[in-house]
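Structure below is protein30.cif: mmCIF, C-alpha atoms.
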data_my_file
#
loop_
_atom_site.label_atom_id
_atom_site.label_comp_id
_atom_site.auth_asym_id
_atom_site.auth_seq_id
_atom_site.Cartn_x
_atom_site.Cartn_y
_atom_site.Cartn_z
CA MET W 1 -77.77 -143.14 46.42
CA PRO W 2 -78.51 -146.87 46.22
CA VAL W 3 -82.24 -147.36 46.02
CA ASN W 4 -84.00 -150.61 46.74
CA LEU W 5 -87.30 -150.18 44.93
CA ASP W 6 -89.17 -152.44 47.37
CA THR W 7 -88.18 -150.47 50.44
CA TYR W 8 -88.53 -147.20 48.52
CA LEU W 9 -92.22 -147.86 47.82
CA GLY W 10 -92.76 -148.69 51.48
CA VAL W 11 -96.08 -150.04 52.62
CA HIS W 12 -97.93 -148.85 49.53
CA ALA W 13 -97.04 -151.73 47.21
CA THR W 14 -98.44 -154.31 49.65
CA ALA W 15 -101.40 -152.08 50.44
CA LEU W 16 -102.29 -151.82 46.75
CA LYS W 17 -102.25 -155.60 46.37
CA LEU W 18 -104.41 -156.08 49.46
CA ARG W 19 -106.87 -153.43 48.30
CA SER W 20 -107.28 -155.20 44.96
CA GLN W 21 -107.88 -158.53 46.71
CA ARG W 22 -110.45 -156.89 48.95
CA THR W 23 -112.17 -155.48 45.85
CA GLU W 24 -112.54 -159.04 44.59
CA VAL W 25 -114.02 -160.29 47.87
CA LEU W 26 -116.50 -157.41 48.05
CA ALA W 27 -117.45 -157.92 44.39
CA SER W 28 -118.25 -161.56 45.24
CA ASN W 29 -120.45 -160.47 48.12
CA LEU W 30 -122.37 -158.13 45.82
CA ALA W 31 -122.69 -160.79 43.10
CA ASN W 32 -124.10 -163.30 45.62
CA ILE W 33 -126.62 -160.88 47.08
CA ASP W 34 -129.53 -163.26 46.30
CA THR W 35 -127.77 -166.62 46.78
CA PRO W 36 -129.44 -168.69 49.53
CA GLY W 37 -127.02 -169.65 52.30
CA TYR W 38 -124.20 -167.38 51.08
CA ARG W 39 -122.30 -165.75 53.92
CA ALA W 40 -120.65 -162.39 53.31
CA ARG W 41 -116.87 -162.32 53.73
CA ASP W 42 -114.26 -159.65 54.10
CA ILE W 43 -110.55 -159.10 54.71
CA ASP W 44 -109.43 -157.48 57.95
CA PHE W 45 -107.22 -154.98 56.14
CA LYS W 46 -105.41 -153.57 59.16
CA SER W 47 -104.28 -156.87 60.66
CA VAL W 48 -103.33 -158.39 57.29
CA LEU W 49 -101.26 -155.36 56.33
CA ALA W 50 -99.57 -155.41 59.73
CA ALA W 51 -98.79 -159.11 59.28
CA ALA W 52 -97.39 -158.47 55.79
CA ASN W 53 -94.98 -155.89 57.18
CA GLY W 54 -93.52 -158.28 59.73
CA GLY W 55 -96.13 -157.29 62.26
CA ASP W 56 -95.51 -157.74 65.93
CA SER W 57 -91.99 -159.16 66.09
CA SER W 58 -92.64 -160.78 69.48
CA SER W 59 -95.50 -162.93 68.15
CA VAL W 60 -94.91 -166.34 66.56
CA GLN W 61 -95.73 -166.35 62.85
CA MET W 62 -97.24 -169.28 60.99
CA THR W 63 -95.70 -170.29 57.70
CA ALA W 64 -97.65 -171.81 54.83
CA THR W 65 -95.50 -174.58 53.38
CA ARG W 66 -98.18 -176.41 51.40
CA PRO W 67 -100.97 -175.13 49.19
CA GLY W 68 -103.67 -176.37 51.59
CA HIS W 69 -102.34 -174.41 54.53
CA ILE W 70 -104.24 -171.41 55.76
CA GLY W 71 -102.37 -168.34 54.61
CA ALA W 72 -99.90 -166.39 56.64
CA ALA W 73 -97.49 -163.68 55.63
CA THR W 74 -94.45 -165.13 53.90
CA ALA W 75 -90.90 -163.89 54.07
CA ASN W 76 -90.99 -161.79 50.90
CA GLY W 77 -94.01 -159.81 52.00
CA THR W 78 -96.57 -161.47 49.74
CA VAL W 79 -99.78 -162.18 51.57
CA THR W 80 -102.61 -164.62 51.24
CA PRO W 81 -105.12 -162.90 53.48
CA GLU W 82 -107.43 -164.94 55.63
CA LEU W 83 -111.06 -164.32 54.79
CA LYS W 84 -113.39 -163.69 57.68
CA TYR W 85 -117.15 -163.94 57.78
CA ARG W 86 -119.02 -160.75 58.42
CA THR W 87 -121.17 -160.60 61.56
CA PRO W 88 -124.68 -160.19 60.14
CA LEU W 89 -126.91 -157.42 61.44
CA ALA W 90 -130.08 -158.83 59.93
CA PRO W 91 -129.63 -162.20 58.19
CA SER W 92 -132.44 -163.21 55.89
CA LEU W 93 -134.44 -166.41 56.32
CA ASP W 94 -132.59 -168.21 53.51
CA GLY W 95 -129.29 -167.86 55.40
CA ASN W 96 -127.85 -165.09 53.22
CA THR W 97 -125.92 -162.52 55.27
CA VAL W 98 -125.11 -159.98 52.52
CA ASP W 99 -126.23 -156.48 53.48
CA ALA W 100 -126.43 -154.57 50.18
CA GLN W 101 -125.92 -151.09 51.62
CA LEU W 102 -123.06 -152.17 53.86
CA GLU W 103 -121.28 -153.93 51.01
CA GLN W 104 -121.76 -151.00 48.65
CA ALA W 105 -120.31 -148.63 51.24
CA ALA W 106 -117.35 -150.95 51.85
CA PHE W 107 -116.80 -151.30 48.09
CA ALA W 108 -116.82 -147.52 47.55
CA GLU W 109 -114.52 -146.96 50.53
CA ASN W 110 -112.14 -149.62 49.25
CA ALA W 111 -112.08 -148.08 45.76
CA VAL W 112 -111.26 -144.63 47.15
CA HIS W 113 -108.47 -146.05 49.31
CA TYR W 114 -107.14 -147.88 46.26
CA GLN W 115 -107.00 -144.57 44.37
CA ALA W 116 -105.28 -142.94 47.35
CA THR W 117 -102.62 -145.67 47.44
CA LEU W 118 -102.16 -145.21 43.69
CA SER W 119 -101.60 -141.47 44.23
CA PHE W 120 -98.95 -142.19 46.86
CA LEU W 121 -97.19 -144.60 44.51
CA SER W 122 -97.45 -142.12 41.67
CA ALA W 123 -95.85 -139.40 43.80
CA LYS W 124 -93.05 -141.79 44.78
CA PHE W 125 -92.33 -142.55 41.13
CA ARG W 126 -92.44 -138.87 40.21
CA SER W 127 -89.92 -137.89 42.86
CA LEU W 128 -87.70 -140.77 41.74
CA MET W 129 -87.89 -139.48 38.16
CA THR W 130 -86.99 -136.01 39.39
CA ALA W 131 -83.94 -137.45 41.13
CA ILE W 132 -82.92 -139.39 38.01
CA THR W 133 -83.31 -136.57 35.50
CA GLY W 134 -82.07 -133.91 37.93
CA GLN W 135 -84.47 -131.31 36.65
CA MET D 1 -104.12 -154.11 39.81
CA PRO D 2 -107.47 -155.75 40.55
CA SER D 3 -107.38 -159.18 39.02
CA PHE D 4 -109.43 -159.89 35.91
CA LYS D 5 -111.54 -162.25 38.00
CA ILE D 6 -113.70 -159.33 39.14
CA PHE D 7 -115.06 -159.15 35.62
CA ASP D 8 -115.97 -162.84 35.81
CA VAL D 9 -117.63 -162.41 39.21
CA ALA D 10 -119.60 -159.31 38.25
CA GLY D 11 -120.42 -160.80 34.84
CA ALA D 12 -121.73 -163.99 36.47
CA GLY D 13 -123.84 -161.82 38.78
CA MET D 14 -125.28 -159.92 35.81
CA SER D 15 -126.02 -163.12 33.94
CA ALA D 16 -127.73 -164.70 36.97
CA GLN D 17 -129.85 -161.61 37.53
CA SER D 18 -130.87 -161.49 33.88
CA VAL D 19 -132.01 -165.14 34.11
CA ARG D 20 -134.12 -164.02 37.08
CA LEU D 21 -135.54 -161.11 35.05
CA ASN D 22 -136.33 -163.56 32.24
CA THR D 23 -138.31 -165.90 34.48
CA THR D 24 -140.15 -162.90 35.96
CA ALA D 25 -141.05 -161.69 32.46
CA SER D 26 -142.26 -165.19 31.58
CA ASN D 27 -144.35 -165.41 34.76
CA LEU D 28 -145.93 -161.98 34.21
CA ALA D 29 -146.65 -162.71 30.55
CA ASN D 30 -148.43 -165.94 31.48
CA ALA D 31 -150.25 -164.59 34.55
CA ASP D 32 -153.59 -164.93 32.75
CA SER D 33 -152.93 -168.01 30.60
CA VAL D 34 -155.83 -170.10 31.89
CA GLY D 35 -156.26 -173.78 31.05
CA SER D 36 -158.80 -176.57 31.42
CA ASP D 37 -156.45 -178.95 33.28
CA PRO D 38 -155.07 -177.86 36.70
CA ASN D 39 -151.92 -179.94 36.15
CA ALA D 40 -151.16 -178.70 32.64
CA VAL D 41 -151.68 -174.99 33.33
CA TYR D 42 -148.62 -172.69 33.51
CA LYS D 43 -146.74 -172.74 36.82
CA ALA D 44 -144.67 -169.82 38.14
CA ARG D 45 -140.91 -170.34 37.71
CA HIS D 46 -138.16 -169.15 40.01
CA PRO D 47 -134.37 -169.49 39.60
CA VAL D 48 -132.22 -170.83 42.45
CA PHE D 49 -128.79 -169.21 42.79
CA GLU D 50 -125.66 -170.91 44.03
CA ALA D 51 -122.21 -169.55 44.92
CA VAL D 52 -119.31 -171.01 42.92
CA ARG D 53 -116.78 -171.87 45.60
CA ALA D 54 -113.08 -171.57 44.89
CA GLN D 55 -110.97 -174.73 45.18
CA LEU D 56 -109.39 -175.35 48.57
CA GLY D 57 -105.88 -173.94 48.66
CA SER D 58 -106.23 -171.88 45.51
CA LYS D 59 -105.25 -168.22 45.70
CA GLU D 60 -108.63 -167.06 44.47
CA MET D 61 -110.48 -164.80 46.86
CA GLY D 62 -113.87 -164.34 45.30
CA SER D 63 -116.69 -166.67 44.44
CA ALA D 64 -118.93 -166.09 41.44
CA VAL D 65 -122.62 -166.97 41.28
CA GLN D 66 -124.47 -169.37 39.01
CA VAL D 67 -128.04 -170.44 38.42
CA LYS D 68 -128.34 -173.93 39.91
CA GLY D 69 -131.74 -174.57 38.42
CA ILE D 70 -135.19 -173.22 37.84
CA VAL D 71 -137.96 -174.56 40.07
CA GLU D 72 -141.69 -174.47 39.42
CA ASP D 73 -143.97 -173.14 42.12
CA GLN D 74 -146.06 -176.06 43.45
CA THR D 75 -148.97 -173.98 44.76
CA PRO D 76 -152.18 -175.47 43.29
CA ALA D 77 -153.77 -173.58 40.40
CA ALA D 78 -156.80 -171.48 41.32
CA ALA D 79 -160.11 -172.65 39.87
CA ARG D 80 -162.49 -170.04 38.44
CA TYR D 81 -166.10 -170.68 37.43
CA GLU D 82 -166.37 -169.38 33.84
CA PRO D 83 -168.83 -171.61 31.91
CA GLY D 84 -168.69 -169.25 28.93
CA ASN D 85 -164.94 -169.67 28.48
CA PRO D 86 -164.05 -172.00 25.56
CA LEU D 87 -161.31 -173.55 27.78
CA ALA D 88 -163.74 -174.44 30.59
CA ASP D 89 -163.89 -178.10 31.65
CA ALA D 90 -167.07 -180.22 31.91
CA ASN D 91 -168.08 -178.51 35.18
CA GLY D 92 -167.52 -175.00 33.79
CA TYR D 93 -164.22 -174.30 35.58
CA VAL D 94 -161.01 -172.82 34.16
CA TYR D 95 -157.72 -172.97 36.05
CA ALA D 96 -155.54 -169.86 36.46
CA PRO D 97 -151.73 -170.08 36.89
CA ASN D 98 -150.33 -169.71 40.42
CA VAL D 99 -148.47 -166.51 39.46
CA ASN D 100 -148.56 -163.85 42.19
CA VAL D 101 -148.27 -160.62 40.19
CA VAL D 102 -147.32 -158.44 43.18
CA GLU D 103 -144.57 -160.86 44.18
CA GLU D 104 -143.29 -160.92 40.60
CA MET D 105 -143.16 -157.12 40.42
CA THR D 106 -141.09 -156.86 43.62
CA ASP D 107 -138.87 -159.66 42.38
CA MET D 108 -138.36 -157.74 39.14
CA ILE D 109 -137.32 -154.57 41.00
CA SER D 110 -134.94 -156.55 43.21
CA ALA D 111 -133.38 -158.26 40.19
CA SER D 112 -132.89 -155.02 38.28
CA ARG D 113 -131.30 -153.31 41.32
CA SER D 114 -128.92 -156.24 41.79
CA TYR D 115 -128.07 -156.11 38.10
CA GLN D 116 -127.24 -152.40 38.39
CA ASN D 117 -125.10 -153.19 41.43
CA ASN D 118 -123.01 -155.62 39.40
CA VAL D 119 -122.66 -153.12 36.54
CA GLU D 120 -121.35 -150.53 39.01
CA VAL D 121 -118.87 -153.04 40.43
CA MET D 122 -117.61 -153.76 36.92
CA ASN D 123 -117.30 -150.06 36.08
CA THR D 124 -115.39 -149.32 39.28
CA ALA D 125 -113.05 -152.26 38.74
CA LYS D 126 -112.41 -151.08 35.19
CA GLU D 127 -111.59 -147.55 36.35
CA MET D 128 -109.25 -148.93 39.01
CA MET D 129 -107.44 -151.03 36.41
CA LEU D 130 -107.08 -148.12 34.01
CA ALA D 131 -105.77 -145.90 36.82
CA THR D 132 -103.21 -148.60 37.67
CA LEU D 133 -102.11 -148.74 34.05
CA ARG D 134 -101.45 -144.99 34.17
CA LEU D 135 -99.27 -145.38 37.29
CA GLY D 136 -96.04 -143.39 37.10
CA GLN D 137 -97.07 -141.27 34.15
#

Please re-express this file's structure in structure tokens.
Amino acid sequence: MPVNLDTYLGVHATALKLRSQRTEVLASNLANIDTPGYRARDIDFKSVLAAANGGDSSSVQMTATRPGHIGAATANGTVTPELKYRTPLAPSLDGNTVDAQLEQAAFAENAVHYQATLSFLSAKFRSLMTAITGQ
Amino acid sequence: MPSFKIFDVAGAGMSAQSVRLNTTASNLANADSVGSDPNAVYKARHPVFEAVRAQLGSKEMGSAVQVKGIVEDQTPAAARYEPGNPLADANGYVYAPNVNVVEEMTDMISASRSYQNNVEVMNTAKEMMLATLRLGQ
């Protein structure tokens, strides 16, 4: 049984990477909770993951050929997700749009999903080990 | 694995918030430090935060925070008539600092909550990294 490890792991390898990048973005939002003029950002996980997996084959994809280009999914599935600004519910007078509760909830949700993706990957590796050792 | 930059971001947040706690402590400690000259008396200090933007085109997602500077409150000092005070000027007035104690207390609570937030972020990131290291075991 020839196994290509990339296809074997499926969507989970990309998902794990995206989750960790989203953790970083949300951590920045929480660190800048009192910075005047800071605007909260986030990754649209669903659309970025869809783009990383080839996405809608009928749509025309953009390719980043230079470091200054705005990221798009590249051929080998690595992604540089586009950051989007959050729509503020109640921006403060100093222009800061970080909502502490919302960011905390998003951070917790993201951490749990990261753990879930890790469990999926772990199970994949375990079944592969079972196949290799035959026990 | 979450990149090690989360530790920088959360660490910068903790450091910025502790600067804020420091200025609050200084303001509260000097809330009653009266003087005889309205210009020389203690003025309330407040830090100004700034986001550290990533370079254009770099792969970095997050932006840390830094203290851009500490500004002095320019509200004029309140004059109090206390002729018995050894610091009183020729007309019997002493000048109290423009520290608003209630404002400082709320600022202190806000700073300590934000600090705790950053500690939690760091803890969670650490647990995620350790879980990733255990992957496949």

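Distances to Gln74 in chain D were evaluated for D:Ile6, D:Val34, D:Met129, D:Ala44 using all atoms listed in the file, and the minimum falls at D:Ala44.
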
### Message
If the PyMOL selection byres ((chain D and resi 95-108) around 10) were run on this exact file, what residues would it hold? Put them as a PyMOL selection string.
### Response
chain D and resi 17-18+20-25+27-46+72-82+87-89+93-94+109-114

Target residues per the PyMOL selection byres ((chain W and resi 91-103) around 10), formatted as a PDB file with C-alpha atoms, in the coordinates of the input:
ATOM      1  CA  LEU W  26    -116.500-157.410  48.050  1.00  0.00           C
ATOM      2  CA  ALA W  27    -117.450-157.920  44.390  1.00  0.00           C
ATOM      3  CA  ASN W  29    -120.450-160.470  48.120  1.00  0.00           C
ATOM      4  CA  LEU W  30    -122.370-158.130  45.820  1.00  0.00           C
ATOM      5  CA  ALA W  31    -122.690-160.790  43.100  1.00  0.00           C
ATOM      6  CA  ASN W  32    -124.100-163.300  45.620  1.00  0.00           C
ATOM      7  CA  ILE W  33    -126.620-160.880  47.080  1.00  0.00           C
ATOM      8  CA  ASP W  34    -129.530-163.260  46.300  1.00  0.00           C
ATOM      9  CA  THR W  35    -127.770-166.620  46.780  1.00  0.00           C
ATOM     10  CA  PRO W  36    -129.440-168.690  49.530  1.00  0.00           C
ATOM     11  CA  GLY W  37    -127.020-169.650  52.300  1.00  0.00           C
ATOM     12  CA  TYR W  38    -124.200-167.380  51.080  1.00  0.00           C
ATOM     13  CA  ARG W  39    -122.300-165.750  53.920  1.00  0.00           C
ATOM     14  CA  ALA W  40    -120.650-162.390  53.310  1.00  0.00           C
ATOM     15  CA  ARG W  41    -116.870-162.320  53.730  1.00  0.00           C
ATOM     16  CA  ASP W  42    -114.260-159.650  54.100  1.00  0.00           C
ATOM     17  CA  TYR W  85    -117.150-163.940  57.780  1.00  0.00           C
ATOM     18  CA  ARG W  86    -119.020-160.750  58.420  1.00  0.00           C
ATOM     19  CA  THR W  87    -121.170-160.600  61.560  1.00  0.00           C
ATOM     20  CA  PRO W  88    -124.680-160.190  60.140  1.00  0.00           C
ATOM     21  CA  LEU W  89    -126.910-157.420  61.440  1.00  0.00           C
ATOM     22  CA  ALA W  90    -130.080-158.830  59.930  1.00  0.00           C
ATOM     23  CA  GLN W 104    -121.760-151.000  48.650  1.00  0.00           C
ATOM     24  CA  ALA W 105    -120.310-148.630  51.240  1.00  0.00           C
ATOM     25  CA  ALA W 106    -117.350-150.950  51.850  1.00  0.00           C
ATOM     26  CA  PHE W 107    -116.800-151.300  48.090  1.00  0.00           C
ATOM     27  CA  ALA W 108    -116.820-147.520  47.550  1.00  0.00           C
ATOM     28  CA  GLU W 109    -114.520-146.960  50.530  1.00  0.00           C
TER      29      GLU W 109
ATOM     30  CA  SER D 114    -128.920-156.240  41.790  1.00  0.00           C
ATOM     31  CA  ASN D 117    -125.100-153.190  41.430  1.00  0.00           C
TER      32      ASN D 117
END

### Query
When the PyMOL selection byres ((chain W) within 6 of (chain D)) is applied to the file above, which residues end up in the set, as a PyMOL selection string?
chain W and resi 20+24-25+28+31-32+35+67-68+122+125

### Query
Quick one, how far is CA of Leu5 in chain W from CA of Met129 in chain W?
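The value is 12.7 Å.
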
### Query
In Å to one decimal, how far is CA of Leu133 in chain D from CA of Leu18 in chain W?
17.2 Å

Do a neighbour search on range 6-10 of chain W at 12 Å with all atoms listed in the file, toss out local chain neighbours closer than 2 positions, and write the hits as a tab-separated table (two decimals) with C-alpha atoms, in the frame of the given file.
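Writing the result to out.tsv gives the following:
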chain	number	residue	atom	x	y	z
W	1	MET	CA	-77.77	-143.14	46.42
W	2	PRO	CA	-78.51	-146.87	46.22
W	3	VAL	CA	-82.24	-147.36	46.02
W	4	ASN	CA	-84.00	-150.61	46.74
W	12	HIS	CA	-97.93	-148.85	49.53
W	13	ALA	CA	-97.04	-151.73	47.21
W	14	THR	CA	-98.44	-154.31	49.65
W	15	ALA	CA	-101.40	-152.08	50.44
W	16	LEU	CA	-102.29	-151.82	46.75
W	49	LEU	CA	-101.26	-155.36	56.33
W	52	ALA	CA	-97.39	-158.47	55.79
W	53	ASN	CA	-94.98	-155.89	57.18
W	76	ASN	CA	-90.99	-161.79	50.90
W	77	GLY	CA	-94.01	-159.81	52.00
W	78	THR	CA	-96.57	-161.47	49.74
W	117	THR	CA	-102.62	-145.67	47.44
W	118	LEU	CA	-102.16	-145.21	43.69
W	119	SER	CA	-101.60	-141.47	44.23
W	120	PHE	CA	-98.95	-142.19	46.86
W	121	LEU	CA	-97.19	-144.60	44.51
W	122	SER	CA	-97.45	-142.12	41.67
W	123	ALA	CA	-95.85	-139.40	43.80
W	124	LYS	CA	-93.05	-141.79	44.78
W	125	PHE	CA	-92.33	-142.55	41.13
W	126	ARG	CA	-92.44	-138.87	40.21
W	127	SER	CA	-89.92	-137.89	42.86
W	128	LEU	CA	-87.70	-140.77	41.74

### Message
What's the separation between CA of Arg22 in chain W and CA of Arg53 in chain D, in Å to one decimal place?
### Response
16.6 Å

Edge lengths and centre in Å, axis-aligned, range 102-114 of chain D plus 6 Å each side, as lines of an AutoDock Vina configuration file:
center_x = -138.1
center_y = -157.1
center_z = 41.2
size_x = 30.4
size_y = 19.6
size_z = 17.9
